[in-house]
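> Handing over run_12.cif, mmCIF, C-alpha atoms.
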```cif
data_query
loop_
_atom_site.label_atom_id
_atom_site.label_comp_id
_atom_site.auth_asym_id
_atom_site.auth_seq_id
_atom_site.Cartn_x
_atom_site.Cartn_y
_atom_site.Cartn_z
CA MET W 1 0.00 0.00 0.00
CA SER W 2 1.32 3.45 -0.87
CA THR W 3 2.17 5.69 2.06
CA GLN W 4 0.23 8.42 0.21
CA GLN W 5 -3.02 6.69 1.16
CA TRP W 6 -2.47 7.05 4.89
CA ASP W 7 -4.39 9.98 6.28
CA GLU W 8 -5.81 10.43 9.78
CA THR W 9 -9.07 8.69 8.89
CA ARG W 10 -7.27 5.57 7.68
CA VAL W 11 -4.96 5.50 10.72
CA ARG W 12 -8.00 5.64 12.99
CA ALA W 13 -9.63 2.84 10.98
CA LEU W 14 -6.49 0.71 11.39
CA HIS W 15 -6.57 1.29 15.14
CA ASP W 16 -10.24 0.30 15.31
CA ASP W 17 -9.66 -2.82 13.21
CA LEU W 18 -6.75 -3.89 15.42
CA VAL W 19 -8.93 -3.36 18.48
CA SER W 20 -11.63 -5.56 16.93
CA LEU W 21 -9.00 -8.27 16.33
CA TYR W 22 -7.53 -8.02 19.81
CA ASP W 23 -8.84 -5.82 22.65
CA PRO W 24 -8.79 -2.11 23.51
CA VAL W 25 -5.50 -1.09 25.08
CA ASP W 26 -5.68 -0.48 28.82
CA ARG W 27 -2.91 1.99 29.41
CA VAL W 28 -2.89 1.40 33.17
CA ALA W 29 -2.54 -2.35 32.71
CA GLU W 30 0.27 -1.93 30.18
CA HIS W 31 2.41 1.11 30.97
CA GLY W 32 1.36 4.71 30.88
CA ALA W 33 2.01 8.09 32.37
CA ASP W 34 1.40 8.21 36.10
CA PRO W 35 1.05 11.73 37.52
CA THR W 36 1.61 10.39 41.04
CA ALA W 37 4.92 8.68 40.23
CA GLU W 38 8.01 9.53 42.23
CA PRO W 39 10.47 11.87 40.43
CA GLY W 40 13.03 9.08 40.13
CA GLU W 41 10.64 6.79 38.28
CA GLY W 42 11.41 8.48 34.98
CA VAL W 43 15.12 7.88 35.57
CA ARG W 44 14.43 4.26 36.44
CA GLN W 45 12.43 3.96 33.20
CA LEU W 46 15.39 5.34 31.24
CA VAL W 47 17.88 3.01 32.91
CA THR W 48 15.64 -0.02 32.40
CA THR W 49 15.05 0.90 28.77
CA ILE W 50 18.79 1.12 28.17
CA LEU W 51 19.10 -2.36 29.68
CA SER W 52 16.34 -3.61 27.35
CA GLN W 53 18.15 -2.64 24.15
CA ASN W 54 18.56 -5.72 21.91
CA VAL W 55 17.66 -8.25 24.58
CA ALA W 56 14.67 -10.38 25.62
CA ASP W 57 12.28 -9.06 28.27
CA ALA W 58 13.21 -11.81 30.75
CA ASN W 59 16.88 -10.85 30.70
CA THR W 60 15.98 -7.18 31.02
CA ARG W 61 14.05 -7.99 34.20
CA ARG W 62 16.91 -10.05 35.60
CA ALA W 63 19.46 -7.33 34.88
CA SER W 64 17.23 -4.63 36.32
CA GLU W 65 16.63 -6.60 39.51
CA ALA W 66 20.35 -7.27 39.89
CA LEU W 67 21.18 -3.60 39.33
CA PHE W 68 18.69 -2.16 41.82
CA ASP W 69 19.38 -4.89 44.38
CA ARG W 70 23.11 -4.20 44.33
CA TYR W 71 23.07 -0.39 44.42
CA ASP W 72 21.17 1.71 46.92
CA ASP W 73 20.41 4.65 44.63
CA PHE W 74 21.22 6.33 41.32
CA ALA W 75 24.23 8.11 42.82
CA ALA W 76 25.75 4.74 43.70
CA ILE W 77 25.13 3.46 40.16
CA GLU W 78 26.72 6.55 38.62
CA ALA W 79 29.77 6.26 40.91
CA ALA W 80 30.10 2.48 40.59
CA ASP W 81 33.26 0.87 39.30
CA HIS W 82 32.67 0.27 35.60
CA GLU W 83 33.81 -3.35 35.67
CA GLU W 84 31.62 -4.09 38.68
CA LEU W 85 28.62 -2.46 37.04
CA LYS W 86 29.26 -4.35 33.82
CA GLU W 87 29.27 -7.68 35.66
CA THR W 88 26.11 -6.76 37.54
CA ILE W 89 24.12 -6.25 34.33
CA ARG W 90 25.91 -8.84 32.18
CA VAL W 91 22.73 -10.88 31.63
CA ALA W 92 21.33 -7.97 29.59
CA GLY W 93 24.03 -8.39 26.95
CA LEU W 94 26.31 -5.66 25.57
CA ALA W 95 27.17 -5.07 29.21
CA ASN W 96 30.20 -2.88 28.58
CA GLN W 97 28.27 -0.48 26.36
CA LYS W 98 25.15 -0.46 28.51
CA ALA W 99 27.08 0.21 31.72
CA ALA W 100 28.70 3.22 30.04
CA ARG W 101 25.36 4.44 28.66
CA ILE W 102 23.67 4.20 32.05
CA GLN W 103 26.45 6.12 33.79
CA ARG W 104 26.53 8.78 31.07
CA ALA W 105 22.77 9.21 31.34
CA LEU W 106 22.88 9.57 35.12
CA THR W 107 25.70 12.10 34.87
CA ALA W 108 23.78 14.13 32.28
CA ILE W 109 20.65 14.16 34.46
CA ARG W 110 22.55 15.16 37.62
CA GLU W 111 24.37 17.95 35.82
CA GLU W 112 21.16 19.24 34.20
CA THR W 113 19.26 19.36 37.49
CA GLY W 114 22.09 20.57 39.70
CA GLY W 115 22.29 17.34 41.66
CA ALA W 116 18.92 15.59 41.48
CA TYR W 117 18.23 12.33 39.71
CA SER W 118 14.93 13.38 38.17
CA LEU W 119 13.66 13.83 34.63
CA ALA W 120 10.76 16.01 35.74
CA PHE W 121 12.22 18.93 33.77
CA LEU W 122 11.39 17.07 30.54
CA ASP W 123 7.69 17.27 31.31
CA ALA W 124 7.65 21.03 30.71
CA MET W 125 9.49 20.74 27.39
CA PRO W 126 7.82 20.33 23.99
CA THR W 127 8.12 16.72 22.87
CA ASP W 128 10.75 17.41 20.20
CA GLU W 129 12.96 19.33 22.63
CA ALA W 130 12.63 16.61 25.27
CA LYS W 131 13.56 13.96 22.72
CA ASP W 132 16.53 16.02 21.54
CA TRP W 133 17.77 16.34 25.14
CA LEU W 134 17.63 12.59 25.69
CA THR W 135 19.15 11.60 22.36
CA GLU W 136 22.11 13.91 22.94
CA ILE W 137 23.22 11.30 25.49
CA LYS W 138 25.47 8.88 23.62
CA GLY W 139 23.72 5.52 23.39
CA VAL W 140 20.19 6.88 23.84
CA GLY W 141 18.43 6.61 20.50
CA PRO W 142 14.94 7.65 19.37
CA LYS W 143 13.32 4.41 20.55
CA THR W 144 14.72 4.67 24.08
CA ALA W 145 13.80 8.35 24.27
CA SER W 146 10.28 7.68 23.00
CA VAL W 147 9.71 4.89 25.51
CA VAL W 148 10.54 7.24 28.38
CA LEU W 149 8.63 10.21 27.00
CA ASN W 150 5.50 8.28 26.04
CA PHE W 151 5.30 5.63 28.74
CA HIS W 152 6.33 7.86 31.65
CA PHE W 153 5.30 11.36 30.61
CA GLY W 154 2.50 10.58 28.17
CA LYS W 155 4.11 12.67 25.44
CA PRO W 156 2.97 11.94 21.87
CA THR W 157 5.94 10.10 20.42
CA MET W 158 5.88 6.47 19.30
CA ALA W 159 8.56 4.00 20.30
CA VAL W 160 9.38 2.05 17.13
CA ASP W 161 10.72 -1.40 17.95
CA THR W 162 11.29 -4.18 15.41
CA HIS W 163 7.62 -5.25 15.45
CA VAL W 164 6.26 -1.74 14.98
CA GLU W 165 8.74 -1.01 12.21
CA ARG W 166 8.10 -4.28 10.36
CA VAL W 167 4.29 -4.06 10.51
CA SER W 168 4.26 -0.35 9.66
CA LYS W 169 6.37 -0.95 6.57
CA ARG W 170 4.28 -3.90 5.43
CA PHE W 171 1.13 -1.81 5.83
CA GLY W 172 2.70 1.14 4.02
CA LEU W 173 2.44 3.43 7.04
CA VAL W 174 6.19 3.94 6.73
CA PRO W 175 8.23 3.78 3.51
CA GLU W 176 10.06 0.46 3.14
CA SER W 177 13.37 2.27 2.74
CA ALA W 178 13.01 4.39 5.88
CA SER W 179 15.63 4.12 8.61
CA ASN W 180 14.47 3.47 12.17
CA GLU W 181 15.00 7.13 12.97
CA ARG W 182 12.90 8.16 9.96
CA ALA W 183 10.21 5.63 10.95
CA HIS W 184 9.91 7.43 14.30
CA GLU W 185 9.48 10.75 12.52
CA VAL W 186 6.89 9.45 10.05
CA LEU W 187 4.75 7.75 12.68
CA ASP W 188 4.87 10.76 15.00
CA GLU W 189 3.66 12.91 12.11
CA ARG W 190 1.02 10.49 10.84
CA VAL W 191 -0.58 9.04 13.98
CA PRO W 192 -2.97 11.23 16.03
CA ASP W 193 -1.51 12.03 19.44
CA GLU W 194 -4.10 10.11 21.45
CA LEU W 195 -3.56 6.97 19.35
CA ILE W 196 0.22 6.86 19.58
CA TYR W 197 0.38 4.71 22.70
CA PRO W 198 -2.48 2.28 21.93
CA LEU W 199 -1.40 1.87 18.31
CA HIS W 200 2.14 1.15 19.50
CA VAL W 201 0.85 -1.66 21.72
CA LEU W 202 -1.49 -3.05 19.04
CA LEU W 203 1.17 -3.05 16.31
CA ILE W 204 3.53 -4.94 18.61
CA ARG W 205 0.84 -7.51 19.36
CA HIS W 206 0.03 -7.89 15.68
CA GLY W 207 3.72 -8.32 14.89
CA ARG W 208 4.05 -11.05 17.50
CA GLU W 209 0.82 -12.93 16.79
CA HIS W 210 0.36 -12.61 13.02
CA CYS W 211 2.89 -10.43 11.19
CA SER W 212 6.10 -12.20 12.14
CA ALA W 213 9.36 -11.61 10.32
CA ARG W 214 9.16 -15.02 8.58
CA GLY W 215 6.15 -17.16 7.81
CA ALA W 216 3.58 -14.50 8.65
CA ASP W 217 0.00 -15.61 9.24
CA CYS W 218 -2.05 -13.28 7.06
CA ASP W 219 -5.37 -15.05 7.63
CA ASN W 220 -6.95 -12.18 9.53
CA ARG W 221 -9.01 -9.15 8.60
CA VAL W 222 -6.31 -6.60 9.37
CA CYS W 223 -3.74 -8.16 7.05
CA GLU W 224 -6.36 -8.70 4.36
CA VAL W 225 -7.26 -5.00 4.37
CA TYR W 226 -3.92 -3.29 4.98
CA CYS W 227 -1.06 -5.59 4.06
CA ASP W 228 0.42 -6.54 0.69
CA CYS W 229 3.56 -8.30 1.88
CA GLU W 230 4.88 -11.45 0.20
CA TYR W 231 2.97 -13.70 2.60
CA CYS W 232 -0.48 -12.24 1.83
#
```
Please re-express this file's structure in structure tokens.

Amino acid sequence: MSTQQWDETRVRALHDDLVSLYDPVDRVAEHGADPTAEPGEGVRQLVTTILSQNVADANTRRASEALFDRYDDFAAIEAADHEELKETIRVAGLANQKAARIQRALTAIREETGGAYSLAFLDAMPTDEAKDWLTEIKGVGPKTASVVLNFHFGKPTMAVDTHVERVSKRFGLVPESASNERAHEVLDERVPDELIYPLHVLLIRHGREHCSARGADCDNRVCEVYCDCEYC
């Protein structure tokens, strides 16, 4: 399907059709911005999302538990011996890089706030500025930034993981040749703000249950209407 055919009406129709195939997305049950959250929760979200890069959810949980069990607070993580920190999170994979990314992120936050480990200052920023601030940290890409900004702050920016990118390209929502960074830009422009989070969840579910990378199961109404990949 040509990307030219995707206007707001069609995006809303896709959302509704995915809901009819699955269920409405309950933001509270999944993730979602929590106005009562402690200031450090946004930082924890960032750290956990860095740990999750290119690794299965189970190993992310194990690494996160090991990290927060070993260190009392964010200051201790930032000041930790690099080798010790690397070993603590080794189960997450790419431990050397992720340890450095986590410590760089914590340093950037502390320096920005004058000593506090809080991302609350991002809430007052326009979404693009907040994303720019986060992605200036080496190792924090658009997906990681969007996870924090959308899941924690409720800002309208879609986190594009492999499922979202694959399904969006097969449906023509995003040009096939688009980089992951460009896919973020296209989806943020094309998807209405209030649908960014639920559509993110629904596209992931569709990618896992039907639109897999190989041997996709296209025997469903959504694929029949929107997809023209080689499996359909």
> For this structure, which residues satisfy the selection - the PyMOL selection byres ((chain W and resi 65-69) around 12) - when it is evaluated on the file as given? I want them as a VMD selection string.
chain W and resid 44 47 to 48 51 58 to 64 70 to 78 80 84 to 92 95 98 to 99 102
> Of the residues W:Val55, W:Val43, W:Leu202, W:Met158, which is the one nearest to Leu119 of chain W, using all atoms listed in the file?
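Of W:Val55, W:Val43, W:Leu202, W:Met158, the one nearest Leu119 of chain W is W:Val43, counting all atoms listed in the file.
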> Taking (5.8, 10.2, 25.0) as a centre in this file's frame and 12 Å as the limit, can you find every polymer residue with an atom that close, using only C-alpha atoms, and give them as a PyMOL selection string?
chain W and resi 31-33+42+122-123+125-131+142-160+184+188+193-198+200
> Compile the contact shell of segment 206-208 of chain W as a list in words: residues with an atom at most 9 Å away, counting only C-alpha atoms, same-chain residues fewer than 6 positions apart removed.
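Surrounding residues, per the criterion: Leu18, Tyr22, Thr162, His163, Val164, Arg166, Val167 and Ala216 of chain W.
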> Out of W:Gln97, W:Ser118, W:Asn180, W:Asn220, which residue has the shortest atom-to-atom distance to Ser168 of chain W when counting all atoms listed in the file?
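Among W:Gln97, W:Ser118, W:Asn180, W:Asn220, it is W:Asn180 that comes nearest to Ser168 of chain W.
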> My list of candidates is W:Glu185, W:Glu112, W:Ser212, W:Leu203. Which is closest to Asp16 of chain W when distances are computed with all atoms listed in the file?
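Closest residue, counting all atoms listed in the file: W:Leu203.
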> Please evaluate the PyMOL selection byres ((chain W and resi 228) around 10) against the structure above and give the resulting residues as an mmCIF file with C-alpha atoms, keeping the file's coordinate frame.

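Generated output (part28.cif):
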```cif
data_model
loop_
_atom_site.group_PDB
_atom_site.id
_atom_site.type_symbol
_atom_site.label_atom_id
_atom_site.label_comp_id
_atom_site.auth_asym_id
_atom_site.auth_seq_id
_atom_site.Cartn_x
_atom_site.Cartn_y
_atom_site.Cartn_z
ATOM 1 C CA MET W 1 0.000 0.000 0.000
ATOM 2 C CA ARG W 170 4.280 -3.900 5.430
ATOM 3 C CA PHE W 171 1.130 -1.810 5.830
ATOM 4 C CA GLY W 172 2.700 1.140 4.020
ATOM 5 C CA CYS W 218 -2.050 -13.280 7.060
ATOM 6 C CA CYS W 223 -3.740 -8.160 7.050
ATOM 7 C CA GLU W 224 -6.360 -8.700 4.360
ATOM 8 C CA VAL W 225 -7.260 -5.000 4.370
ATOM 9 C CA TYR W 226 -3.920 -3.290 4.980
ATOM 10 C CA CYS W 227 -1.060 -5.590 4.060
ATOM 11 C CA CYS W 229 3.560 -8.300 1.880
ATOM 12 C CA GLU W 230 4.880 -11.450 0.200
ATOM 13 C CA TYR W 231 2.970 -13.700 2.600
ATOM 14 C CA CYS W 232 -0.480 -12.240 1.830
#
```
> Using Å and a single decimal, report how far atom CA of Gly93 of chain W sits from atom CA of Ile109 of chain W.
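So the two atoms, atom CA of Ile109 of chain W and atom CA of Gly93 of chain W, lie 24.0 Å apart.
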> Out of W:Ala178, W:Ile50, W:Ala56, W:Val11, which residue has the shortest atom-to-atom distance to Glu165 of chain W when counting all atoms listed in the file?
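So, comparing all the options, the nearest one is W:Ala178.
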> For Asn54 of chain W, which of W:Asp26, W:Glu176, W:Glu8, W:Asp161 is the closest residue, counting only C-alpha atoms?
W:Asp161
